[in-house]
file input_27.txt (compact mmCIF, C-alpha atoms and all ligand atoms)
# COMPACT_ATOMS: atom_id res chain seq x y z
CA MET A 1 33.52 -8.33 -37.98
CA SER A 2 31.57 -5.37 -36.84
CA THR A 3 31.92 -4.23 -33.28
CA ASN A 4 30.00 -1.83 -31.10
CA ASN A 5 33.04 -1.04 -28.94
CA PRO A 6 33.97 2.69 -29.03
CA THR A 7 37.17 3.65 -30.92
CA PRO A 8 39.71 6.04 -29.26
CA SER A 9 38.34 8.96 -31.32
CA ASP A 10 34.78 8.05 -30.31
CA ARG A 11 35.94 8.09 -26.72
CA ARG A 12 37.63 11.50 -27.17
CA ARG A 13 34.45 12.86 -28.80
CA GLY A 14 32.46 11.31 -25.95
CA SER A 15 34.58 12.87 -23.26
CA ARG A 16 34.47 16.31 -25.03
CA LYS A 17 30.69 15.93 -25.19
CA SER A 18 30.37 15.04 -21.51
CA ALA A 19 32.70 17.92 -20.52
CA LEU A 20 30.47 20.28 -22.52
CA LYS A 21 27.37 18.77 -20.95
CA ALA A 22 28.83 19.24 -17.48
CA ALA A 23 29.68 22.88 -18.26
CA VAL A 24 26.15 23.78 -19.37
CA LYS A 25 24.35 21.63 -16.80
CA PRO A 26 22.87 23.82 -14.07
CA LYS A 27 24.49 23.14 -10.71
CA TYR A 28 21.17 23.27 -8.90
CA LYS A 29 18.06 21.57 -10.17
CA PRO A 30 14.94 22.52 -8.21
CA THR A 31 12.93 19.50 -7.06
CA VAL A 32 9.45 19.47 -8.49
CA ARG A 33 7.96 17.29 -5.79
CA ALA A 34 9.04 16.02 -2.43
CA PRO A 35 11.28 12.95 -2.62
CA PRO A 36 9.65 9.71 -1.53
CA PRO A 37 10.39 8.45 1.95
CA PRO A 38 13.51 6.28 2.06
CA ARG A 39 13.12 2.53 1.74
CA ASN A 40 13.45 2.24 5.44
CA THR A 41 14.57 -1.19 6.61
CA LYS A 42 13.45 -0.34 10.12
CA GLU A 43 9.91 0.30 8.91
CA SER A 44 10.02 -2.91 6.88
CA GLN A 45 11.25 -4.89 9.88
CA GLU A 46 8.39 -3.50 11.98
CA ILE A 47 5.92 -4.87 9.43
CA LEU A 48 7.51 -8.33 9.52
CA ASP A 49 7.57 -8.31 13.33
CA LEU A 50 3.90 -7.48 13.31
CA PHE A 51 3.06 -10.59 11.22
CA HIS A 52 5.45 -12.72 13.27
CA HIS A 53 3.95 -11.71 16.61
CA ALA A 54 0.33 -11.80 15.41
CA PHE A 55 0.72 -15.41 14.16
CA ASN A 56 3.45 -16.59 16.50
CA ALA A 57 1.63 -19.85 17.28
CA LEU A 58 1.80 -20.95 13.63
CA PHE A 59 5.58 -21.18 13.43
CA THR A 60 5.78 -24.87 14.31
CA PRO A 61 7.76 -27.78 12.76
CA GLN A 62 4.54 -28.71 10.86
CA LEU A 63 4.40 -25.41 9.01
CA PRO A 64 6.63 -26.38 6.02
CA GLU A 65 4.40 -29.37 5.17
CA LEU A 66 1.26 -27.22 5.27
CA LEU A 67 2.94 -24.56 3.16
CA GLN A 68 3.85 -27.17 0.56
CA LYS A 69 0.19 -28.27 0.35
CA VAL A 70 -1.03 -24.69 -0.18
CA LYS A 71 1.76 -24.06 -2.69
CA THR A 72 0.66 -27.07 -4.74
CA HIS A 73 -2.95 -25.79 -4.86
CA LEU A 74 -1.75 -22.35 -5.90
CA PHE A 75 0.55 -23.84 -8.55
CA ASN A 76 -2.42 -25.77 -9.96
CA ARG A 77 -4.47 -22.55 -9.80
CA ASP A 78 -6.95 -24.40 -7.62
CA PHE A 79 -7.72 -21.26 -5.63
CA LEU A 80 -10.94 -22.48 -4.06
CA GLU A 81 -9.02 -25.42 -2.56
CA ALA A 82 -6.04 -23.25 -1.60
CA PHE A 83 -8.26 -20.79 0.30
CA GLY A 84 -10.90 -23.29 1.38
CA ALA A 85 -9.65 -24.30 4.86
CA GLN A 86 -8.76 -22.14 7.84
CA GLU A 87 -5.32 -23.73 8.26
CA ASN A 88 -4.56 -23.02 4.59
CA LEU A 89 -5.54 -19.38 5.02
CA GLU A 90 -3.26 -19.01 8.03
CA ALA A 91 -0.37 -20.70 6.24
CA TYR A 92 -0.88 -18.42 3.25
CA VAL A 93 -0.80 -15.34 5.47
CA VAL A 94 2.46 -16.12 7.24
CA ARG A 95 4.21 -17.21 4.04
CA TRP A 96 3.04 -14.76 1.36
CA SER A 97 1.39 -11.76 2.99
CA PRO A 98 4.51 -10.29 4.68
CA SER A 99 6.44 -9.89 1.38
CA ARG A 100 3.30 -8.58 -0.27
CA ALA A 101 2.70 -6.06 2.53
CA LEU A 102 6.22 -4.69 2.06
CA CYS A 103 5.69 -4.48 -1.69
CA TYR A 104 2.26 -2.85 -1.44
CA ARG A 105 3.47 -0.26 1.03
CA GLU A 106 6.14 0.71 -1.46
CA VAL A 107 3.62 0.72 -4.32
CA PHE A 108 1.24 2.97 -2.35
CA LEU A 109 3.99 5.42 -1.50
CA GLU A 110 6.31 5.44 -4.47
CA LEU A 111 4.55 4.38 -7.62
CA SER A 112 2.61 7.52 -8.39
CA PRO A 113 2.00 10.87 -6.66
CA ALA A 114 -1.76 10.42 -7.16
CA LEU A 115 -1.69 7.16 -5.25
CA ARG A 116 0.53 8.48 -2.50
CA LYS A 117 -1.83 11.41 -1.97
CA VAL A 118 -4.60 9.07 -0.85
CA PHE A 119 -2.49 8.03 2.13
CA GLU A 120 -1.59 11.58 3.13
CA LEU A 121 -5.13 11.86 4.50
CA LYS A 122 -5.38 15.50 3.48
CA GLY A 123 -8.55 17.49 2.95
CA GLU A 124 -10.98 14.88 4.24
CA GLU A 125 -11.97 13.63 7.61
CA LYS A 126 -12.27 10.02 6.54
CA VAL A 127 -10.59 8.42 3.56
CA GLU A 128 -12.25 5.28 2.21
CA ILE A 129 -10.26 2.52 0.53
CA VAL A 130 -11.70 -0.72 -0.83
CA CYS A 131 -9.50 -3.78 -1.32
CA ILE A 132 -11.08 -6.49 -3.44
CA GLY A 133 -9.53 -9.89 -2.76
CA GLY A 134 -7.90 -8.11 0.18
CA GLY A 135 -8.68 -10.46 3.03
CA ALA A 136 -5.29 -12.12 3.31
CA GLY A 137 -3.75 -9.36 5.37
CA ALA A 138 -1.16 -7.84 3.05
CA GLU A 139 -3.38 -4.87 2.17
CA VAL A 140 -4.62 -4.49 5.75
CA VAL A 141 -1.05 -4.05 6.97
CA ALA A 142 0.33 -2.16 3.95
CA VAL A 143 -2.35 0.54 4.13
CA ALA A 144 -1.61 1.13 7.83
CA ALA A 145 2.13 1.14 7.09
CA ALA A 146 1.76 3.70 4.29
CA VAL A 147 -0.26 6.05 6.51
CA LYS A 148 2.22 5.65 9.35
CA SER A 149 5.21 6.21 7.12
CA LEU A 150 3.79 9.46 5.73
CA MET A 151 2.83 10.67 9.18
CA ARG A 152 6.36 10.07 10.38
CA ALA A 153 7.73 11.97 7.41
CA GLU A 154 5.24 14.78 8.02
CA LEU A 155 6.16 15.01 11.68
CA ALA A 156 9.86 14.99 10.93
CA ALA A 157 9.48 17.74 8.33
CA ALA A 158 7.05 19.92 10.28
CA PRO A 159 8.50 23.12 11.73
CA ALA A 160 7.75 22.46 15.41
CA PRO A 161 4.01 23.18 15.69
CA ALA A 162 1.84 24.62 18.47
CA ILE A 163 3.62 23.07 21.46
CA ALA A 164 7.10 24.31 20.53
CA LYS A 165 5.64 27.68 19.59
CA GLU A 166 3.99 27.94 22.98
CA GLU A 167 7.22 27.08 24.77
CA GLY A 168 9.13 29.54 22.64
CA SER A 169 6.73 32.38 23.26
CA LYS A 170 6.90 31.76 27.00
CA ALA A 171 10.62 32.37 26.90
CA GLY A 172 10.26 35.13 24.34
CA GLU A 173 12.27 33.06 21.84
CA ASN A 174 11.65 31.16 18.59
CA THR A 175 10.07 33.83 16.48
CA GLY A 176 9.44 31.38 13.70
CA ASP A 177 12.56 31.76 11.60
CA GLU A 178 14.78 30.03 14.08
CA GLU A 179 15.42 26.34 14.06
CA VAL A 180 13.88 24.48 16.93
CA SER A 181 16.65 22.65 18.68
CA GLU A 182 14.76 19.51 19.71
CA GLU A 183 14.23 17.04 16.92
CA PRO A 184 10.74 15.55 16.76
CA GLU A 185 10.78 12.17 18.43
CA GLU A 186 10.45 9.33 16.00
CA ALA A 187 7.05 7.74 16.29
CA GLY A 188 7.18 4.10 17.31
CA GLU A 189 10.03 4.55 19.74
CA GLY A 190 8.54 5.87 22.95
CA PRO A 191 6.19 4.23 25.44
CA ASP A 192 3.27 6.57 24.68
CA GLU A 193 3.45 6.30 20.96
CA ALA A 194 -0.29 5.82 20.28
CA LYS A 195 -1.23 8.84 22.38
CA GLY A 196 1.72 10.69 20.89
CA LEU A 197 0.69 9.97 17.31
CA GLU A 198 -2.85 11.10 17.99
CA ASN A 199 -1.67 14.27 19.71
CA ASP A 200 0.91 14.91 17.02
CA LEU A 201 -1.70 14.45 14.38
CA GLU A 202 -4.01 16.87 16.17
CA SER A 203 -1.29 19.45 16.63
CA LEU A 204 -0.40 19.22 12.93
CA THR A 205 -3.95 20.22 12.06
CA LEU A 206 -3.84 23.21 14.39
CA THR A 207 -3.32 26.63 12.90
CA SER A 208 -1.70 29.42 14.88
CA ASP A 209 -5.07 30.68 16.10
CA SER A 210 -6.48 27.23 16.83
CA PRO A 211 -7.41 26.26 20.37
CA PRO A 212 -4.78 24.43 22.43
CA ALA A 213 -4.05 20.78 21.71
CA THR A 214 -6.23 19.58 24.59
CA THR A 215 -9.41 20.68 22.76
CA PRO A 216 -10.69 17.85 20.51
CA THR A 217 -10.09 18.65 16.84
CA PRO A 218 -11.59 16.78 13.90
CA SER A 219 -8.98 14.17 13.07
CA ARG A 220 -8.16 12.52 9.82
CA SER A 221 -8.73 8.83 9.50
CA LEU A 222 -8.72 6.01 7.02
CA HIS A 223 -11.26 3.23 6.72
CA MET A 224 -10.61 0.14 4.67
CA THR A 225 -13.25 -2.23 3.33
CA ALA A 226 -11.81 -5.61 2.41
CA ILE A 227 -14.02 -7.83 0.23
CA ASP A 228 -13.10 -11.44 -0.40
CA ILE A 229 -14.75 -14.64 -1.58
CA ALA A 230 -12.80 -16.63 1.03
CA ASP A 231 -13.63 -16.17 4.68
CA TRP A 232 -10.63 -14.27 6.00
CA THR A 233 -12.63 -12.84 8.96
CA SER A 234 -10.35 -14.20 11.67
CA ILE A 235 -7.20 -13.20 9.77
CA THR A 236 -8.28 -9.58 9.24
CA THR A 237 -9.46 -9.38 12.86
CA THR A 238 -6.16 -10.74 14.17
CA LEU A 239 -4.13 -8.32 12.05
CA THR A 240 -6.32 -5.27 12.71
CA THR A 241 -6.12 -6.00 16.44
CA ALA A 242 -2.35 -6.43 16.22
CA LEU A 243 -2.07 -3.10 14.40
CA THR A 244 -4.31 -1.04 16.65
CA THR A 245 -3.74 -2.51 20.12
CA ALA A 246 -0.85 -1.75 22.44
CA PRO A 247 1.11 -5.03 22.69
CA THR A 248 2.14 -4.35 26.32
CA PRO A 249 1.19 -1.63 28.80
CA THR A 250 4.46 0.14 28.11
CA ARG A 251 4.43 -0.14 24.31
CA ALA A 252 2.08 1.70 22.02
CA ALA A 253 -0.04 0.36 19.18
CA TYR A 254 1.38 0.46 15.66
CA ILE A 255 -1.42 2.84 14.66
CA PRO A 256 -4.27 4.22 16.79
CA PRO A 257 -7.75 2.73 16.16
CA THR A 258 -9.10 6.28 15.83
CA LEU A 259 -6.88 6.68 12.79
CA TYR A 260 -7.32 3.31 11.09
CA SER A 261 -10.22 0.85 10.92
CA VAL A 262 -11.02 -2.17 8.76
CA ASP A 263 -14.25 -3.94 7.83
CA PHE A 264 -14.16 -7.33 6.19
CA HIS A 265 -16.96 -8.58 3.92
CA HIS A 266 -17.09 -12.23 2.94
CA HIS A 267 -18.53 -11.83 -0.54
CA ASP A 268 -17.99 -12.87 -4.15
CA ILE A 269 -17.37 -9.61 -5.99
CA LEU A 270 -18.64 -11.12 -9.22
CA THR A 271 -22.09 -11.65 -7.68
CA PRO A 272 -24.06 -8.39 -7.84
CA ARG A 273 -25.68 -7.13 -4.62
CA ASP A 274 -28.64 -4.84 -4.01
CA THR A 275 -26.66 -2.73 -1.55
CA PRO A 276 -23.15 -2.18 -2.87
CA LEU A 277 -20.24 -2.73 -0.50
CA ILE A 278 -18.14 -0.03 -2.17
CA PRO A 279 -18.86 3.33 -0.49
CA PRO A 280 -19.54 6.12 -3.03
CA THR A 281 -16.82 8.29 -1.46
CA THR A 282 -14.14 5.64 -2.06
CA ARG A 283 -10.82 7.25 -3.01
CA LEU A 284 -9.03 4.06 -4.03
CA ILE A 285 -10.10 0.57 -5.10
CA THR A 286 -7.40 -2.08 -5.23
CA LEU A 287 -7.25 -5.50 -6.86
CA LEU A 288 -3.86 -6.85 -5.87
CA PHE A 289 -2.94 -10.25 -7.24
CA THR A 290 -6.67 -10.98 -7.53
CA THR A 291 -7.72 -10.14 -11.11
CA ASN A 292 -6.31 -13.35 -12.55
CA GLU A 293 -8.58 -15.32 -10.22
CA LEU A 294 -11.57 -13.24 -11.25
CA TYR A 295 -10.91 -13.83 -14.96
CA THR A 296 -10.41 -17.55 -14.24
CA GLN A 297 -13.88 -17.70 -12.62
CA SER A 298 -15.64 -15.79 -15.38
CA ARG A 299 -14.25 -13.43 -17.99
CA ALA A 300 -17.69 -11.99 -18.77
CA ALA A 301 -18.58 -11.40 -15.10
CA THR A 302 -15.15 -9.83 -14.49
CA THR A 303 -15.59 -7.47 -17.42
CA ASN A 304 -19.06 -6.55 -16.12
CA PHE A 305 -17.66 -5.97 -12.67
CA PHE A 306 -15.02 -3.54 -14.01
CA LEU A 307 -17.65 -1.78 -16.12
CA SER A 308 -20.02 -1.48 -13.14
CA LEU A 309 -17.49 0.42 -11.01
CA LYS A 310 -18.23 3.69 -12.76
CA GLU A 311 -21.75 3.70 -11.29
CA LEU A 312 -20.47 3.24 -7.77
CA VAL A 313 -17.75 5.85 -7.31
CA GLN A 314 -17.18 9.53 -7.89
CA PRO A 315 -14.76 11.32 -10.23
CA GLY A 316 -11.22 11.20 -8.90
CA CYS A 317 -11.50 7.67 -7.51
CA LEU A 318 -8.40 5.62 -8.36
CA LEU A 319 -8.37 1.98 -9.40
CA LEU A 320 -5.15 0.07 -8.81
CA VAL A 321 -4.60 -3.36 -10.39
CA LEU A 322 -1.46 -5.38 -9.72
CA GLU A 323 -0.87 -8.90 -11.01
CA SER A 324 2.10 -11.20 -10.98
CA ALA A 325 4.07 -10.55 -14.19
CA GLY A 326 4.21 -13.39 -16.69
CA SER A 327 1.53 -15.98 -17.31
CA TYR A 328 -0.65 -14.79 -14.40
CA SER A 329 -1.07 -11.45 -16.13
CA THR A 330 -2.47 -12.95 -19.29
CA VAL A 331 -6.07 -13.80 -20.11
CA LEU A 332 -7.38 -16.36 -22.58
CA VAL A 333 -10.00 -14.89 -24.91
CA ASN A 334 -11.48 -17.21 -27.56
CA GLY A 335 -8.39 -19.40 -27.51
CA LYS A 336 -6.01 -16.45 -27.83
CA THR A 337 -3.81 -15.18 -24.99
CA PHE A 338 -3.96 -11.45 -24.26
CA PRO A 339 -1.89 -9.40 -21.82
CA MET A 340 -4.17 -8.52 -18.91
CA GLY A 341 -3.09 -4.89 -19.04
CA MET A 342 -4.22 -4.64 -22.65
CA LEU A 343 -7.59 -6.21 -21.80
CA LEU A 344 -8.13 -3.87 -18.85
CA ASP A 345 -7.24 -0.85 -21.00
CA HIS A 346 -9.69 -2.07 -23.62
CA THR A 347 -12.48 -2.49 -21.04
CA LEU A 348 -11.93 0.65 -19.03
CA LEU A 349 -10.69 3.20 -21.56
CA ALA A 350 -13.39 2.57 -24.17
CA GLY A 351 -15.57 5.49 -22.97
CA ASP A 352 -14.50 8.68 -21.26
CA VAL A 353 -15.11 7.25 -17.84
CA TRP A 354 -11.62 6.20 -16.76
CA GLU A 355 -8.23 7.62 -17.69
CA LYS A 356 -4.98 5.72 -17.36
CA VAL A 357 -2.63 7.23 -14.78
CA LEU A 358 0.06 4.58 -15.03
CA GLY A 359 0.73 1.32 -16.81
CA GLU A 360 3.75 -1.00 -16.71
CA ASP A 361 3.89 -4.65 -17.66
CA ALA A 362 6.85 -5.72 -15.54
CA LYS A 363 8.00 -3.90 -12.47
CA TRP A 364 10.18 -5.22 -9.65
CA PHE A 365 9.84 -4.97 -5.92
CA ARG A 366 13.08 -5.95 -4.22
CA LEU A 367 13.27 -6.62 -0.49
CA PRO A 368 15.59 -4.38 1.48
CA GLU A 369 18.63 -6.24 2.80
CA GLY A 370 19.02 -7.44 6.35
CA LEU A 371 15.41 -8.24 7.18
CA ARG A 372 14.65 -10.92 9.76
CA TYR A 373 11.69 -13.32 9.44
CA PRO A 374 11.47 -17.04 10.34
CA ILE A 375 10.53 -18.21 6.83
CA GLU A 376 11.29 -17.25 3.27
CA LEU A 377 10.44 -13.80 1.90
CA GLU A 378 10.50 -12.97 -1.76
CA ASN A 379 11.06 -10.23 -4.32
CA MET A 380 8.11 -9.62 -6.62
CA ARG A 381 7.68 -8.78 -10.27
CA PHE A 382 4.31 -7.46 -11.31
CA MET A 383 2.29 -5.73 -13.97
CA VAL A 384 0.51 -2.60 -12.81
CA ARG A 385 -2.30 -0.33 -13.96
CA VAL A 386 -3.63 2.78 -12.22
CA TYR A 387 -6.83 4.38 -13.59
CA ARG A 388 -8.68 7.46 -12.42
CA LYS A 389 -12.41 8.08 -12.82
CA THR A 390 -12.87 11.24 -14.85
C1 LIG B 401 -3.78 -14.63 -4.80
S1 LIG B 401 -4.84 -14.07 -3.52
C2 LIG B 401 -4.22 -12.46 -3.22
C3 LIG B 401 -4.56 -12.00 -1.86
C4 LIG B 401 -4.07 -10.58 -1.54
N1 LIG B 401 -4.71 -9.61 -2.39
C5 LIG B 401 -2.58 -10.50 -1.65
O1 LIG B 401 -2.11 -9.85 -2.57
O2 LIG B 401 -1.89 -11.07 -0.83
C6 LIG B 401 -6.37 -13.69 -4.37
C7 LIG B 401 -7.50 -13.31 -3.42
O3 LIG B 401 -8.66 -13.01 -4.21
C8 LIG B 401 -9.79 -13.58 -3.58
N2 LIG B 401 -10.85 -13.79 -4.57
C9 LIG B 401 -10.86 -14.64 -5.60
N3 LIG B 401 -12.01 -14.58 -6.27
C10 LIG B 401 -12.76 -13.64 -5.68
C11 LIG B 401 -14.07 -13.12 -5.90
N4 LIG B 401 -14.82 -13.57 -6.89
N5 LIG B 401 -14.52 -12.14 -5.09
C12 LIG B 401 -13.76 -11.68 -4.07
N6 LIG B 401 -12.52 -12.15 -3.80
C13 LIG B 401 -12.02 -13.11 -4.58
C14 LIG B 401 -9.22 -14.88 -3.02
O4 LIG B 401 -10.04 -15.45 -2.02
C15 LIG B 401 -7.89 -14.40 -2.47
O5 LIG B 401 -7.99 -13.90 -1.18
call {"tool": "encode", "arguments": {"input": "input_27.txt", "output": "structure tokens"}}
result
Amino acid sequence: MSTNNPTPSDRRRGSRKSALKAAVKPKYKPTVRAPPPPRNTKESQEILDLFHHAFNALFTPQLPELLQKVKTHLFNRDFLEAFGAQENLEAYVVRWSPSRALCYREVFLELSPALRKVFELKGEEKVEIVCIGGGAGAEVVAVAAAVKSLMRAELAAAPAPAIAKEEGSKAGENTGDEEVSEEPEEAGEGPDEAKGLENDLESLTLTSDSPPATTPTPSRSLHMTAIDIADWTSITTTLTTALTTAPTPTRAAYIPPTLYSVDFHHHDILTPRDTPLIPPTTRLITLLFTTNELYTQSRAATTNFFLSLKELVQPGCLLLVLESAGSYSTVLVNGKTFPMGMLLDHTLLAGDVWEKVLGEDAKWFRLPEGLRYPIELENMRFMVRVYRKT
């Protein structure tokens, strides 16, 4: 019987090999790029609390029955029925969008440096993102969470900017090489967080010869356009308000409205329009758990839609497609089942218009431990493609 177990001499050879490897391995390996922010449970909990508070009135004893009804429609892939009634939309949001928001935040920040860069809000005054099939709230919250997370990381890493410098120069201390003793306060903690974030953001953009922080400076901001065939107007409004409004006079908004804004368009993306809803300066277009529904409605129209994107956006624009791994990420073409990733590659990479930045057919998002939420949350497994317009 053959065995793959190592023999004692294999083991000796192995240990000699690893000793040699350890001896030649450099002790210090320079990092090529900054490490991603930690999978912060506190940040994840904030996201869940936001959904919980925004839709508090929905958590009633009747909710499980309603969820079961929506689940059945989704299982039968009867999406028009599943998203056809207001109560179904609300049930969907509280049950599925929180897990998705956590997953998408991680995808935006950790999947690819190109993607993460969009949320750093660098080099532009206003970053445009378009989320197709993005009315259900997960994208609305995840985009805000990604921006906030990077701002926190930026603030924590920044060598104390203008304000500390000013204080230091008053006392004739802190010449620049010294460490500033006070740690930057973590955003989200204090009572004046919204004001603080805006001021912090302004002070980060100041150079040493910039005017003092009280002078208005052009600030970075992100605008999201969500386009969806179902009417998620009230859901996106509720969530955007929850994100950008101070919940009490003593607590700040999650993100200031000057920094983040959302417009929702109730529109079938497969129906062409005279005036496109996708701004030409769009940096990122997302289709998250939506492409399967588009292919189900019309494979030809979906292919045309993907092909038409090149006319609408500029070089550098990213296209992110995520779909549930397994049967949802397959498409039936003339009676034959194709992996959706393969079909998208075939459609988009045929000319020199799009290049593939990333492609995986089964990736996991696992929830951090210890999160609190009144109903079930779930891990996710998905196929992913990221393309860039050349
Ligand atoms: C499974 S849900 C995913 C929602 C959200 N992206 C998420 O990940 O939580 C699919 C979404 O695509 C939308 N959708 C389906 N067909 C569409 C179309 N032709 N045009 C625009 N949106 C569409 C649905 O209304 C629904 O909101």
call {"tool": "residues_around", "arguments": {"input": "input_27.txt", "residues": "Ala114 in chain A", "least_positions_apart": "5", "cutoff": "10 Å", "atoms": "all atoms listed in the file", "output": "number ranges by chain"}}
result
A: 108-109, 119, 316, 318, 357-358, 386, 388
call {"tool": "closest_residue", "arguments": {"input": "input_27.txt", "among": "A:Phe59, A:Phe51, A:Phe338, A:Tyr92", "to": "ligand LIG 401 (chain B)", "atoms": "only C-alpha atoms and all ligand atoms"}}
result
A:Tyr92
call {"tool": "closest_residue", "arguments": {"input": "input_27.txt", "among": "A:Gly135, A:His53, A:Phe264, A:Arg299", "to": "Asn334 in chain A", "atoms": "all atoms listed in the file"}}
result
A:Arg299
call {"tool": "residues_near_ligand", "arguments": {"input": "input_27.txt", "ligand": "ligand LIG 401 (chain B)", "cutoff": "9 Å", "atoms": "all atoms listed in the file", "output": "CSV table (one decimal) with C-alpha atoms, in the coordinates of the input"}}
result
chain,number,residue,atom,x,y,z
A,74,LEU,CA,-1.8,-22.4,-5.9
A,79,PHE,CA,-7.7,-21.3,-5.6
A,80,LEU,CA,-10.9,-22.5,-4.1
A,82,ALA,CA,-6.0,-23.2,-1.6
A,83,PHE,CA,-8.3,-20.8,0.3
A,84,GLY,CA,-10.9,-23.3,1.4
A,89,LEU,CA,-5.5,-19.4,5.0
A,92,TYR,CA,-0.9,-18.4,3.2
A,93,VAL,CA,-0.8,-15.3,5.5
A,96,TRP,CA,3.0,-14.8,1.4
A,97,SER,CA,1.4,-11.8,3.0
A,98,PRO,CA,4.5,-10.3,4.7
A,99,SER,CA,6.4,-9.9,1.4
A,100,ARG,CA,3.3,-8.6,-0.3
A,101,ALA,CA,2.7,-6.1,2.5
A,104,TYR,CA,2.3,-2.8,-1.4
A,131,CYS,CA,-9.5,-3.8,-1.3
A,132,ILE,CA,-11.1,-6.5,-3.4
A,133,GLY,CA,-9.5,-9.9,-2.8
A,134,GLY,CA,-7.9,-8.1,0.2
A,135,GLY,CA,-8.7,-10.5,3.0
A,136,ALA,CA,-5.3,-12.1,3.3
A,137,GLY,CA,-3.8,-9.4,5.4
A,138,ALA,CA,-1.2,-7.8,3.0
A,139,GLU,CA,-3.4,-4.9,2.2
A,227,ILE,CA,-14.0,-7.8,0.2
A,228,ASP,CA,-13.1,-11.4,-0.4
A,229,ILE,CA,-14.8,-14.6,-1.6
A,230,ALA,CA,-12.8,-16.6,1.0
A,231,ASP,CA,-13.6,-16.2,4.7
A,232,TRP,CA,-10.6,-14.3,6.0
A,266,HIS,CA,-17.1,-12.2,2.9
A,267,HIS,CA,-18.5,-11.8,-0.5
A,268,ASP,CA,-18.0,-12.9,-4.2
A,269,ILE,CA,-17.4,-9.6,-6.0
A,270,LEU,CA,-18.6,-11.1,-9.2
A,271,THR,CA,-22.1,-11.6,-7.7
A,286,THR,CA,-7.4,-2.1,-5.2
A,287,LEU,CA,-7.2,-5.5,-6.9
A,288,LEU,CA,-3.9,-6.8,-5.9
A,289,PHE,CA,-2.9,-10.2,-7.2
A,290,THR,CA,-6.7,-11.0,-7.5
A,291,THR,CA,-7.7,-10.1,-11.1
A,292,ASN,CA,-6.3,-13.4,-12.6
A,293,GLU,CA,-8.6,-15.3,-10.2
A,294,LEU,CA,-11.6,-13.2,-11.2
A,295,TYR,CA,-10.9,-13.8,-15.0
A,296,THR,CA,-10.4,-17.6,-14.2
A,297,GLN,CA,-13.9,-17.7,-12.6
A,298,SER,CA,-15.6,-15.8,-15.4
A,302,THR,CA,-15.2,-9.8,-14.5
A,322,LEU,CA,-1.5,-5.4,-9.7
A,323,GLU,CA,-0.9,-8.9,-11.0
call {"tool": "atom_distance", "arguments": {"input": "input_27.txt", "atom1": "CA of Ser327 in chain A", "atom2": "CA of Asn88 in chain A"}}
result
23.8 Å
call {"tool": "closest_residue", "arguments": {"input": "input_27.txt", "among": "A:Arg95, A:Lys148, A:Lys42, A:His52", "to": "Glu376 in chain A", "atoms": "only C-alpha atoms"}}
result
A:Arg95
call {"tool": "atom_distance", "arguments": {"input": "input_27.txt", "atom1": "CA of Thr258 in chain A", "atom2": "CA of Glu43 in chain A"}}
result
21.1 Å
call {"tool": "closest_residue", "arguments": {"input": "input_27.txt", "among": "A:Leu371, A:Tyr387, A:Val313, A:Glu110", "to": "Gly341 in chain A", "atoms": "all atoms listed in the file"}}
result
A:Tyr387
call {"tool": "closest_residue", "arguments": {"input": "input_27.txt", "among": "A:Thr60, A:Asn40, A:Thr303, A:Gln314", "to": "Asp345 in chain A", "atoms": "all atoms listed in the file"}}
result
A:Thr303
